[in-house]
Structure formats: structure tokens, C-alpha cells
>>> print(open('my_file24.txt').read())   # compact mmCIF, C-alpha atoms
# COMPACT_ATOMS: atom_id res chain seq x y z
CA MET A 1 10.04 4.01 -21.70
CA SER A 2 12.14 7.12 -22.24
CA ALA A 3 14.29 8.59 -19.49
CA GLY A 4 12.14 11.73 -19.63
CA THR A 5 8.92 9.79 -19.01
CA THR A 6 10.59 7.82 -16.23
CA TRP A 7 11.71 10.98 -14.44
CA ALA A 8 8.33 12.69 -14.90
CA LEU A 9 6.50 9.62 -13.57
CA ILE A 10 8.76 9.28 -10.54
CA GLY A 11 8.77 13.00 -9.76
CA GLY A 12 5.03 13.35 -10.24
CA CYS A 13 4.17 10.31 -8.11
CA ALA A 14 6.59 11.38 -5.38
CA LEU A 15 5.11 14.88 -5.19
CA ILE A 16 1.50 13.65 -5.19
CA THR A 17 2.20 11.06 -2.50
CA ALA A 18 4.06 13.53 -0.27
CA VAL A 19 1.28 16.12 -0.49
CA ILE A 20 -1.49 13.59 0.25
CA LYS A 21 0.37 12.00 3.17
CA GLY A 22 1.42 15.35 4.60
CA ALA A 23 -1.94 17.13 4.36
CA GLY A 24 -3.67 15.62 7.40
CA PRO A 25 -0.78 15.98 9.88
CA LEU A 26 -0.02 19.49 8.54
CA ALA A 27 -3.56 20.75 9.02
CA LEU A 28 -4.73 18.84 12.08
CA GLY A 29 -1.71 17.80 14.14
CA GLY A 30 -0.41 19.13 17.41
CA ARG A 31 -3.69 19.40 19.26
CA GLU A 32 -6.18 17.25 21.08
CA LEU A 33 -9.08 16.16 18.93
CA PRO A 34 -12.50 15.42 20.42
CA SER A 35 -13.32 12.01 21.84
CA TRP A 36 -15.56 10.98 18.95
CA PHE A 37 -12.51 11.29 16.72
CA SER A 38 -10.76 8.23 18.14
CA SER A 39 -13.84 6.05 17.65
CA ILE A 40 -13.71 6.87 13.94
CA VAL A 41 -9.95 6.42 13.75
CA SER A 42 -10.05 2.95 15.28
CA LEU A 43 -12.39 1.85 12.48
CA MET A 44 -10.28 3.21 9.61
CA ALA A 45 -8.35 -0.05 9.20
CA PRO A 46 -11.34 -2.41 8.71
CA ALA A 47 -13.09 0.04 6.36
CA LEU A 48 -10.11 0.72 4.10
CA PHE A 49 -8.67 -2.80 4.06
CA ALA A 50 -12.05 -4.37 3.27
CA ALA A 51 -12.44 -1.95 0.36
CA LEU A 52 -8.91 -2.65 -0.90
CA VAL A 53 -9.51 -6.40 -0.79
CA VAL A 54 -12.82 -6.41 -2.66
CA THR A 55 -11.70 -3.90 -5.30
CA GLN A 56 -8.55 -5.91 -6.03
CA VAL A 57 -10.20 -9.32 -5.99
CA LEU A 58 -13.64 -8.71 -7.47
CA ALA A 59 -12.98 -5.84 -9.88
CA ASN A 60 -10.88 -5.28 -12.96
CA GLY A 61 -10.91 -1.56 -13.73
CA ARG A 62 -14.60 -0.61 -13.71
CA ASP A 63 -15.83 -4.16 -14.36
CA LEU A 64 -16.72 -6.64 -11.65
CA ALA A 65 -14.80 -9.83 -12.38
CA VAL A 66 -13.52 -12.95 -10.65
CA GLY A 67 -10.49 -15.07 -11.52
CA ALA A 68 -7.82 -17.36 -10.16
CA ASP A 69 -6.71 -14.60 -7.79
CA THR A 70 -10.22 -14.61 -6.28
CA ALA A 71 -9.85 -18.30 -5.40
CA GLY A 72 -6.39 -17.67 -3.99
CA VAL A 73 -7.54 -14.83 -1.77
CA ALA A 74 -10.58 -16.82 -0.59
CA CYS A 75 -8.32 -19.65 0.61
CA ALA A 76 -5.99 -17.07 2.14
CA GLY A 77 -8.95 -15.65 4.03
CA VAL A 78 -9.66 -19.04 5.59
CA ALA A 79 -6.01 -19.33 6.63
CA ALA A 80 -6.03 -15.82 8.10
CA TRP A 81 -9.27 -16.49 9.96
CA ARG A 82 -7.69 -19.58 11.53
CA GLY A 83 -4.84 -17.47 12.81
CA ALA A 84 -2.11 -18.14 10.24
CA SER A 85 0.78 -15.64 10.03
CA VAL A 86 0.72 -13.05 7.26
CA ILE A 87 3.54 -14.84 5.46
CA ALA A 88 1.57 -18.11 5.50
CA VAL A 89 -1.55 -16.24 4.34
CA VAL A 90 0.11 -14.68 1.27
CA THR A 91 1.80 -18.01 0.45
CA VAL A 92 -1.57 -19.78 0.47
CA ALA A 93 -2.95 -17.06 -1.83
CA ALA A 94 -0.11 -17.37 -4.34
CA VAL A 95 0.00 -21.18 -4.38
CA THR A 96 -3.79 -21.48 -4.77
CA ALA A 97 -3.96 -18.89 -7.58
CA ALA A 98 -1.01 -20.53 -9.37
CA ALA A 99 -2.61 -23.98 -9.02
CA VAL A 100 -5.96 -22.79 -10.38
CA ARG A 101 -4.18 -21.20 -13.37
CA ALA A 102 -2.15 -24.34 -13.96
CA VAL A 103 -5.24 -26.53 -14.32
CA THR A 104 -7.50 -24.11 -16.22
CA MET B 1 11.13 6.03 21.46
CA SER B 2 14.06 3.75 20.60
CA GLY B 3 12.42 0.90 22.53
CA THR B 4 9.18 1.11 20.62
CA PHE B 5 11.11 1.65 17.35
CA ARG B 6 12.67 -1.80 17.76
CA ALA B 7 9.29 -3.27 18.69
CA GLY B 8 7.92 -1.67 15.53
CA VAL B 9 10.63 -3.28 13.41
CA ARG B 10 9.78 -6.68 14.90
CA ALA B 11 6.03 -6.22 14.49
CA GLY B 12 6.49 -5.01 10.92
CA LEU B 13 8.85 -7.77 9.79
CA PRO B 14 6.25 -10.34 8.58
CA PHE B 15 4.42 -7.60 6.69
CA ALA B 16 7.72 -6.46 5.19
CA VAL B 17 8.34 -9.98 3.85
CA ALA B 18 4.87 -10.03 2.27
CA GLY B 19 5.46 -6.50 0.96
CA ALA B 20 8.74 -7.59 -0.60
CA ILE B 21 6.87 -10.24 -2.60
CA VAL B 22 4.47 -7.57 -3.89
CA ALA B 23 7.45 -5.32 -4.65
CA THR B 24 9.05 -8.12 -6.65
CA SER B 25 6.01 -8.30 -8.90
CA PHE B 26 6.12 -4.50 -9.19
CA GLY B 27 9.74 -4.77 -10.34
CA VAL B 28 8.76 -7.36 -12.95
CA LEU B 29 5.86 -5.15 -14.09
CA ALA B 30 8.22 -2.18 -14.45
CA ARG B 31 10.59 -4.25 -16.56
CA ASP B 32 7.70 -5.49 -18.71
CA VAL B 33 6.49 -1.95 -19.49
CA GLY B 34 10.01 -0.92 -20.47
CA MET B 35 11.04 1.07 -17.40
CA PRO B 36 14.77 0.83 -16.71
CA ALA B 37 15.71 -1.09 -13.54
CA TRP B 38 17.20 2.02 -11.93
CA GLY B 39 13.91 3.82 -12.53
CA ALA B 40 11.89 1.11 -10.80
CA VAL B 41 14.19 1.07 -7.77
CA LEU B 42 14.30 4.87 -7.57
CA MET B 43 10.52 5.04 -7.82
CA SER B 44 10.10 2.59 -4.94
CA ALA B 45 12.74 4.45 -2.92
CA ILE B 46 11.19 7.91 -3.18
CA VAL B 47 7.49 7.23 -3.86
CA PHE B 48 7.10 4.17 -1.56
CA ALA B 49 3.38 3.69 -2.21
CA GLY B 50 2.74 0.27 -3.70
CA SER B 51 -0.79 0.52 -5.01
CA ALA B 52 -0.13 3.94 -6.59
CA GLN B 53 3.07 2.74 -8.25
CA ILE B 54 1.35 -0.35 -9.64
CA ALA B 55 -1.67 1.66 -10.88
CA ALA B 56 0.50 4.26 -12.61
CA LEU B 57 2.73 1.73 -14.37
CA THR B 58 -0.22 -0.43 -15.41
CA ILE B 59 -1.77 2.57 -17.16
CA LEU B 60 1.49 3.52 -18.90
CA GLY B 61 1.94 -0.12 -19.95
CA ALA B 62 -1.55 -0.17 -21.46
CA GLY B 63 -0.67 2.84 -23.60
CA GLY B 64 -2.19 5.52 -21.37
CA GLY B 65 -0.66 8.96 -20.97
CA LEU B 66 1.46 10.34 -18.16
CA SER B 67 -1.35 12.51 -16.82
CA SER B 68 -3.74 9.52 -16.58
CA ALA B 69 -1.01 7.55 -14.80
CA LEU B 70 -0.43 10.35 -12.29
CA GLY B 71 -4.17 10.79 -11.80
CA ALA B 72 -4.57 7.10 -11.03
CA ALA B 73 -1.68 7.28 -8.57
CA ALA B 74 -3.32 10.22 -6.80
CA LEU B 75 -6.64 8.39 -6.53
CA MET B 76 -5.02 5.19 -5.23
CA ASN B 77 -3.18 7.30 -2.65
CA SER B 78 -6.26 9.25 -1.65
CA ARG B 79 -6.86 6.82 1.24
CA PHE B 80 -3.78 8.34 2.90
CA LEU B 81 -5.81 11.52 3.44
CA PRO B 82 -8.09 9.95 6.09
CA MET B 83 -5.14 7.90 7.37
CA GLY B 84 -3.06 11.07 7.77
CA ILE B 85 -5.93 12.68 9.68
CA ALA B 86 -6.07 9.59 11.91
CA PHE B 87 -2.35 9.90 12.71
CA ALA B 88 -2.31 13.70 13.04
CA PRO B 89 -2.88 13.92 16.82
CA SER B 90 -0.03 11.46 17.45
CA LEU B 91 2.59 13.49 15.54
CA PRO B 92 4.16 16.35 17.54
CA GLY B 93 6.11 19.40 16.38
CA ASN B 94 5.53 22.28 13.99
CA PRO B 95 3.37 21.81 10.88
CA VAL B 96 6.32 21.10 8.54
CA SER B 97 7.74 18.55 10.94
CA ARG B 98 4.34 16.88 11.28
CA ALA B 99 3.91 16.71 7.50
CA ALA B 100 7.38 15.13 7.27
CA GLN B 101 6.53 12.55 9.93
CA GLY B 102 3.28 11.84 8.10
CA GLN B 103 5.34 10.48 5.17
CA ALA B 104 6.01 7.41 7.31
CA VAL B 105 2.34 6.42 7.35
CA VAL B 106 1.74 3.30 5.23
CA ASP B 107 -1.15 0.83 5.25
CA VAL B 108 0.51 -1.47 7.77
CA SER B 109 0.92 1.44 10.21
CA LEU B 110 -2.83 1.48 10.84
CA VAL B 111 -2.48 -1.93 12.50
CA VAL B 112 1.08 -2.11 13.80
CA ALA B 113 1.46 1.39 15.25
CA GLN B 114 -1.66 1.33 17.46
CA ASP B 115 -0.83 2.30 21.04
CA GLY B 116 -3.82 0.44 22.47
CA GLU B 117 -5.44 3.66 23.70
CA GLY B 118 -7.13 4.79 20.50
CA GLY B 119 -4.05 6.59 19.19
CA TYR B 120 -0.73 5.73 17.56
CA ASP B 121 2.84 5.39 18.82
CA ARG B 122 5.50 7.19 16.79
CA GLY B 123 8.24 4.70 17.59
CA LEU B 124 6.10 1.78 16.40
CA LEU B 125 5.21 3.82 13.31
CA PHE B 126 8.79 4.63 12.35
CA GLY B 127 10.13 1.16 13.19
CA SER B 128 7.48 -0.74 11.24
CA THR B 129 7.80 1.63 8.28
CA ALA B 130 11.62 1.34 8.25
CA ILE B 131 11.51 -2.45 7.84
CA GLN B 132 8.62 -2.16 5.37
CA TYR B 133 10.68 0.31 3.32
CA THR B 134 13.66 -2.02 3.26
CA GLY B 135 11.51 -4.89 1.99
CA TRP B 136 9.78 -2.70 -0.59
CA VAL B 137 12.95 -1.28 -2.15
CA GLY B 138 14.81 -4.59 -1.95
CA GLY B 139 11.92 -6.52 -3.49
CA THR B 140 11.66 -4.00 -6.32
CA ALA B 141 15.37 -4.32 -7.09
CA PHE B 142 15.08 -8.10 -7.11
CA GLY B 143 12.08 -8.05 -9.46
CA ALA B 144 13.57 -5.45 -11.79
CA LEU B 145 16.98 -7.13 -12.05
CA ALA B 146 16.03 -10.82 -11.84
CA GLY B 147 12.65 -10.54 -13.56
CA SER B 148 13.63 -12.88 -16.36
CA LEU B 149 14.23 -15.64 -13.81
CA ILE B 150 10.80 -15.07 -12.28
CA GLY B 151 8.85 -15.03 -15.54
CA ASP B 152 5.18 -14.07 -15.45
CA PRO B 153 4.14 -13.10 -11.89
CA GLU B 154 0.59 -14.31 -12.60
CA THR B 155 1.78 -17.84 -13.33
CA LEU B 156 3.22 -17.89 -9.81
CA GLY B 157 0.00 -16.43 -8.40
CA LEU B 158 1.80 -13.32 -7.20
CA ASP B 159 -1.16 -11.11 -8.17
CA ALA B 160 -3.11 -12.73 -5.30
CA VAL B 161 -0.46 -11.72 -2.77
CA TYR B 162 -1.37 -8.04 -2.48
CA PRO B 163 -5.10 -8.49 -1.75
CA ALA B 164 -4.27 -11.40 0.59
CA PHE B 165 -1.88 -9.09 2.42
CA PHE B 166 -4.70 -6.58 3.02
CA LEU B 167 -7.07 -9.39 3.98
CA ALA B 168 -4.63 -10.58 6.66
CA LEU B 169 -4.34 -7.00 7.94
CA MET B 170 -8.12 -6.64 8.03
CA ILE B 171 -8.95 -9.93 9.75
CA GLY B 172 -6.62 -9.04 12.61
CA GLU B 173 -8.77 -5.95 13.18
CA LEU B 174 -12.15 -7.69 13.37
CA GLN B 175 -12.35 -8.53 17.06
CA HIS B 176 -15.43 -6.41 17.69
CA ASP B 177 -18.84 -6.59 16.05
CA ARG B 178 -18.58 -2.90 15.26
CA ALA B 179 -15.38 -3.45 13.27
CA LYS B 180 -17.03 -6.32 11.38
CA GLY B 181 -19.97 -4.10 10.50
CA VAL B 182 -17.67 -1.34 9.32
CA ALA B 183 -15.64 -3.78 7.20
CA ALA B 184 -18.82 -5.11 5.57
CA ALA B 185 -20.09 -1.58 4.97
CA GLY B 186 -16.74 -0.47 3.53
CA ALA B 187 -16.68 -3.44 1.17
CA LEU B 188 -20.25 -2.75 0.01
CA ILE B 189 -19.59 0.96 -0.56
CA ALA B 190 -16.49 0.15 -2.59
CA LEU B 191 -18.16 -2.55 -4.70
CA ALA B 192 -21.18 -0.34 -5.39
CA LEU B 193 -18.92 2.43 -6.72
CA VAL B 194 -16.62 0.26 -8.88
CA PRO B 195 -18.71 0.53 -12.08
CA PHE B 196 -19.17 4.30 -11.75
CA THR B 197 -15.87 5.78 -10.54
CA PRO B 198 -12.17 5.46 -11.46
CA PRO B 199 -10.12 2.97 -9.41
CA GLY B 200 -9.09 4.43 -6.05
CA VAL B 201 -12.28 6.41 -5.47
CA PRO B 202 -14.22 3.38 -4.15
CA VAL B 203 -11.55 2.83 -1.48
CA LEU B 204 -11.53 6.49 -0.45
CA ALA B 205 -15.34 6.49 -0.23
CA ALA B 206 -15.22 3.35 1.94
CA SER B 207 -13.60 5.44 4.68
CA LEU B 208 -17.06 6.93 5.20
CA ALA B 209 -18.06 3.57 6.71
CA THR B 210 -16.11 4.62 9.82
CA LEU B 211 -18.94 7.09 10.55
CA ILE B 212 -20.86 4.05 11.80
CA GLY B 213 -18.56 4.43 14.78
CA LEU B 214 -20.34 7.67 15.63
CA MET B 215 -23.85 6.39 15.31
CA ARG B 216 -23.42 3.19 17.29
CA ARG B 217 -20.92 4.41 19.81
CA GLY B 218 -23.34 4.63 22.71
CA SER B 219 -24.98 1.24 22.25
CA ASP B 220 -21.79 -0.67 21.47
CA ARG B 221 -19.51 0.65 24.17
CA GLY B 222 -20.76 -1.65 26.93
CA ALA B 223 -20.94 -4.73 24.75
CA SER B 224 -17.44 -4.58 23.30
CA ARG B 225 -15.41 -3.88 26.42
>>> encode(input="my_file24.txt", output="C-alpha cells")
Amino acid sequence: MSAGTTWALIGGCALITAVIKGAGPLALGGRELPSWFSSIVSLMAPALFAALVVTQVLANGRDLAVGADTAGVACAGVAAWRGASVIAVVTVAAVTAAAVRAVT
Amino acid sequence: MSGTFRAGVRAGLPFAVAGAIVATSFGVLARDVGMPAWGAVLMSAIVFAGSAQIAALTILGAGGGLSSALGAAALMNSRFLPMGIAFAPSLPGNPVSRAAQGQAVVDVSLVVAQDGEGGYDRGLLFGSTAIQYTGWVGGTAFGALAGSLIGDPETLGLDAVYPAFFLALMIGELQHDRAKGVAAAGALIALALVPFTPPGVPVLAASLATLIGLMRRGSDRGASR
């Protein structure tokens, strides 16, 4: 990768990220928002994280697909559900996915 | 704020360790697509958005153009629009100052920076993001410089770490039936859109599942408290 491409990629990504992250606080901050707002906000985490998990585990680009990572994340889910720490959860995911790849 | 900053650092530490593992595989990916090590570290230091960085480099590595890579990064980051709106009331100051503070919002903030009253605490936000940032940049440097020792991240199962990280974040948020319903709805919306939209859009669209919170607010309030 050329130095020019590297700089353009870094600069472009930095600008895009800053604009997206800044837009909400710039436009809406500094005032009280109505009470219904907080009931939506408190649900942002489950909605976005669930979507991130399924799109990473069950999709490859625009195709739905499963693989060793799916098995790893499934086992990690059991560990997380039983109250394991996040470090234990990601370790279970990696070890399971690596083991499935090693035997297939 | 300094008290909650330190609490934020402590609360963010386990997530920072997990993030550092993801960053290590990003560093290896950067090396594999021919990006110089300094470029990978600089990118993590000033972009600091894991899924966007990974999406952009994956596209460049597959032979895609710079504009496609930047477009993918924008779509992966689009979830920070609703997140920024969620944090907006908790960030004081003039508009420029608020936009600057909004740069600290990362995925983990949604969980770690909650003040327990339906809003967010700035000290927890800045503290948890500071330790997350340290892990992200450090992990990238390790992956980019020591990548040849690590080999193929997939052989080590490191590709399963990132989704598992989000799964751990999500499961901690599922105490109420309403949250479980929203998670299920968000997952279904995202999966339904995967075949029809570019990556990133399904996750942004899943934020619409939070509107369930409006519809069921009256009936659920008594049951969940």
C-alpha cells in the first residue's frame, strides 16, 4: 500500500468518524429531552449489539453463512449467560473457533 | 468527575483487554494488506473505530478502491449517529465542545457509562474510553509489529473475539423482558437486511428496534421495576 493511499485512508476515516460521532451531540446536546427519549436510549445497547453479533457471526458480506467463528461465539454466549467475565467470554470464543478449525 | 473517571477506567478495563485482542488482529490484517506498521498504529490512534477500520482495510485488501473503503467505514460507523443522540443530553457546553466530547463515545460506553437514571455519566464515559483507547492502540502496535509471530489470526480463532465481545456486552443488558424483545427484534431486522444492503446498514436499521420502547412503555413499566 502506497504512502499516499495510507494517508488518504487514515484521513478519510478520521474525518468520517469525527463527523458521525459529533453530529448528535452538536445538534441535540445541552437541553432536556422529553421523557420518552430515555426509554429509547436505554434500549440502544441491546438493539445495536444484537445486530452487530448476528451480522458478524451469521453473515459474510451480503451472504448468510456460518463457520467456525459461529461455533466459537455460540459457546461464548453460554459462558456469558452463566456470568463469565468478558475476558473469559472472548477466550472461550477464540479457543472454540480455533479448535473447530483444527479438526475440520 | 475525577472520581467517576477512575471508576470508568476500572469498569472499562476488562473490555479494553478484549479490545486489545481485536486490535491485535487488526494490526495483523493491516500488515497482510501491505499497510506500513506506522500507518496501522496512526489509524488506530486517530480513527479509533474498530469495525470501520477493519471494514475499510478488508475492502482495500480485496482489491477495492479507496472510495468503497471509506464508504464501508462510514456505514459501519453509522451506528454512532443514534449513539451520539443518546449521549447528547449528558454532554454539557457549547455545540463545538459537545461534538468534541462526543468523540469519546464508543460501543462499550453504552454499557459502562450508564448513570443508572436513564442517562450517562461523563466521567465514566471518559475513563472507560481512555483505557479502551490505550488497549486499542497498544494492541494494534503489537499486531502490526509482531504479526509474523502471531501468524494467521483465524487459526487462533481471533475472528470470533469481536462478535463474542459484543455478545458479552449485550447479555449484560438483558435483565428486562423489554430489552430481550428489543435485542431479538434488532437481530431480526439486521439479518433480514443482510442480503439487500451493504454491511453496516443492517446494524444502523436495527436501532429502530428501540422504538418498541415507546409502544410498550405503559404496559411494561410496572412489570420491570
>>> residues_around(input="my_file24.txt", residues="segment 29-38 of chain A", least_positions_apart="2", cutoff="12 Å", atoms="only C-alpha atoms", output="MDAnalysis selection string")
(chainID A and resid 22:27 40:44) or (chainID B and resid 82 84:102 114:120 210:218)
>>> closest_residue(input="my_file24.txt", among="A:Ala3, A:Val90, A:Ala74, A:Ala65", to="chain B", atoms="only C-alpha atoms")
A:Val90
>>> closest_residue(input="my_file24.txt", among="B:Leu13, B:Leu66, B:Val203, B:Ala40", to="Ala130 of chain B", atoms="all atoms listed in the file")
B:Leu13
>>> closest_residue(input="my_file24.txt", among="B:Gly138, B:Leu125, B:Pro198, B:Met170", to="Val9 of chain B", atoms="only C-alpha atoms")
B:Leu125
>>> closest_residue(input="my_file24.txt", among="B:Pro36, B:Gly127, B:Gly50, B:Gly64", to="chain A", atoms="only C-alpha atoms")
B:Pro36
>>> atom_distance(input="my_file24.txt", atom1="atom CA of Ile21 of chain B", atom2="atom CA of Leu52 of chain A")
17.6 Å
>>> atom_distance(input="my_file24.txt", atom1="atom CA of Thr70 of chain A", atom2="atom CA of Leu158 of chain B")
12.1 Å
>>> closest_residue(input="my_file24.txt", among="A:Ala79, A:Ile10, A:Val92, A:Ala84", to="chain B", atoms="only C-alpha atoms")
A:Ile10
>>> axis_aligned_box(input="my_file24.txt", around="segment 136-148 of chain B", padding_each_side="6 Å", output="JSON")
{"center_x": 13.4, "center_y": -7.1, "center_z": -8.5, "size_x": 19.2, "size_y": 23.6, "size_z": 27.8}
>>> residues_around(input="my_file24.txt", residues="Trp38 of chain B", least_positions_apart="3", cutoff="12 Å", atoms="all atoms listed in the file", output="PyMOL selection string")
(chain A and resi 3+6-7+10) or (chain B and resi 27+30-31+34-35+41-45+137+140-145)
>>> closest_residue(input="my_file24.txt", among="A:Asn60, A:Ala102, A:Ala94, A:Gly83", to="chain B", atoms="only C-alpha atoms")
A:Ala94
>>> atom_distance(input="my_file24.txt", atom1="atom CA of Ala55 of chain B", atom2="atom CA of Ala80 of chain A")
26.2 Å
>>> build_atoms(input="my_file24.txt", residues="segment 71-87 of chain A", atoms="N, CA, C and O atoms", output="mmCIF file, in the frame of the given file")
data_model
loop_
_atom_site.group_PDB
_atom_site.id
_atom_site.type_symbol
_atom_site.label_atom_id
_atom_site.label_comp_id
_atom_site.auth_asym_id
_atom_site.auth_seq_id
_atom_site.Cartn_x
_atom_site.Cartn_y
_atom_site.Cartn_z
ATOM 1 N N ALA A 71 -9.937 -17.024 -6.112
ATOM 2 C CA ALA A 71 -9.850 -18.300 -5.400
ATOM 3 C C ALA A 71 -8.683 -18.277 -4.409
ATOM 4 O O ALA A 71 -8.806 -18.743 -3.260
ATOM 5 N N GLY A 72 -7.564 -17.730 -4.851
ATOM 6 C CA GLY A 72 -6.390 -17.670 -3.990
ATOM 7 C C GLY A 72 -6.646 -16.851 -2.736
ATOM 8 O O GLY A 72 -6.295 -17.251 -1.618
ATOM 9 N N VAL A 73 -7.293 -15.712 -2.918
ATOM 10 C CA VAL A 73 -7.540 -14.830 -1.770
ATOM 11 C C VAL A 73 -8.603 -15.432 -0.855
ATOM 12 O O VAL A 73 -8.532 -15.272 0.373
ATOM 13 N N ALA A 74 -9.570 -16.165 -1.435
ATOM 14 C CA ALA A 74 -10.580 -16.820 -0.590
ATOM 15 C C ALA A 74 -9.915 -17.845 0.330
ATOM 16 O O ALA A 74 -10.195 -17.891 1.541
ATOM 17 N N CYS A 75 -9.024 -18.666 -0.222
ATOM 18 C CA CYS A 75 -8.320 -19.650 0.610
ATOM 19 C C CYS A 75 -7.431 -18.943 1.637
ATOM 20 O O CYS A 75 -7.323 -19.375 2.794
ATOM 21 N N ALA A 76 -6.820 -17.837 1.219
ATOM 22 C CA ALA A 76 -5.990 -17.070 2.140
ATOM 23 C C ALA A 76 -6.826 -16.532 3.295
ATOM 24 O O ALA A 76 -6.367 -16.474 4.443
ATOM 25 N N GLY A 77 -8.066 -16.163 2.989
ATOM 26 C CA GLY A 77 -8.950 -15.650 4.030
ATOM 27 C C GLY A 77 -9.228 -16.708 5.085
ATOM 28 O O GLY A 77 -9.244 -16.417 6.287
ATOM 29 N N VAL A 78 -9.438 -17.948 4.636
ATOM 30 C CA VAL A 78 -9.660 -19.040 5.590
ATOM 31 C C VAL A 78 -8.429 -19.214 6.474
ATOM 32 O O VAL A 78 -8.529 -19.332 7.706
ATOM 33 N N ALA A 79 -7.256 -19.189 5.858
ATOM 34 C CA ALA A 79 -6.010 -19.330 6.630
ATOM 35 C C ALA A 79 -5.862 -18.194 7.641
ATOM 36 O O ALA A 79 -5.514 -18.419 8.806
ATOM 37 N N ALA A 80 -6.160 -16.967 7.203
ATOM 38 C CA ALA A 80 -6.030 -15.820 8.100
ATOM 39 C C ALA A 80 -7.024 -15.917 9.252
ATOM 40 O O ALA A 80 -6.704 -15.617 10.402
ATOM 41 N N TRP A 81 -8.235 -16.371 8.938
ATOM 42 C CA TRP A 81 -9.270 -16.490 9.960
ATOM 43 C C TRP A 81 -8.867 -17.518 11.012
ATOM 44 O O TRP A 81 -9.194 -17.392 12.186
ATOM 45 N N ARG A 82 -8.131 -18.543 10.588
ATOM 46 C CA ARG A 82 -7.690 -19.580 11.530
ATOM 47 C C ARG A 82 -6.402 -19.196 12.224
ATOM 48 O O ARG A 82 -5.789 -20.028 12.904
ATOM 49 N N GLY A 83 -5.950 -17.972 12.026
ATOM 50 C CA GLY A 83 -4.840 -17.470 12.810
ATOM 51 C C GLY A 83 -3.465 -17.669 12.190
ATOM 52 O O GLY A 83 -2.450 -17.548 12.873
ATOM 53 N N ALA A 84 -3.410 -17.967 10.886
ATOM 54 C CA ALA A 84 -2.110 -18.140 10.240
ATOM 55 C C ALA A 84 -1.352 -16.806 10.191
ATOM 56 O O ALA A 84 -1.970 -15.736 10.204
ATOM 57 N N SER A 85 -0.034 -16.858 10.127
ATOM 58 C CA SER A 85 0.780 -15.640 10.030
ATOM 59 C C SER A 85 0.585 -15.009 8.651
ATOM 60 O O SER A 85 0.129 -15.664 7.703
ATOM 61 N N VAL A 86 0.935 -13.749 8.533
ATOM 62 C CA VAL A 86 0.720 -13.050 7.260
ATOM 63 C C VAL A 86 1.537 -13.690 6.146
ATOM 64 O O VAL A 86 1.086 -13.766 4.989
ATOM 65 N N ILE A 87 2.719 -14.202 6.491
ATOM 66 C CA ILE A 87 3.540 -14.840 5.460
ATOM 67 C C ILE A 87 2.867 -16.121 4.963
ATOM 68 O O ILE A 87 2.808 -16.389 3.752
#
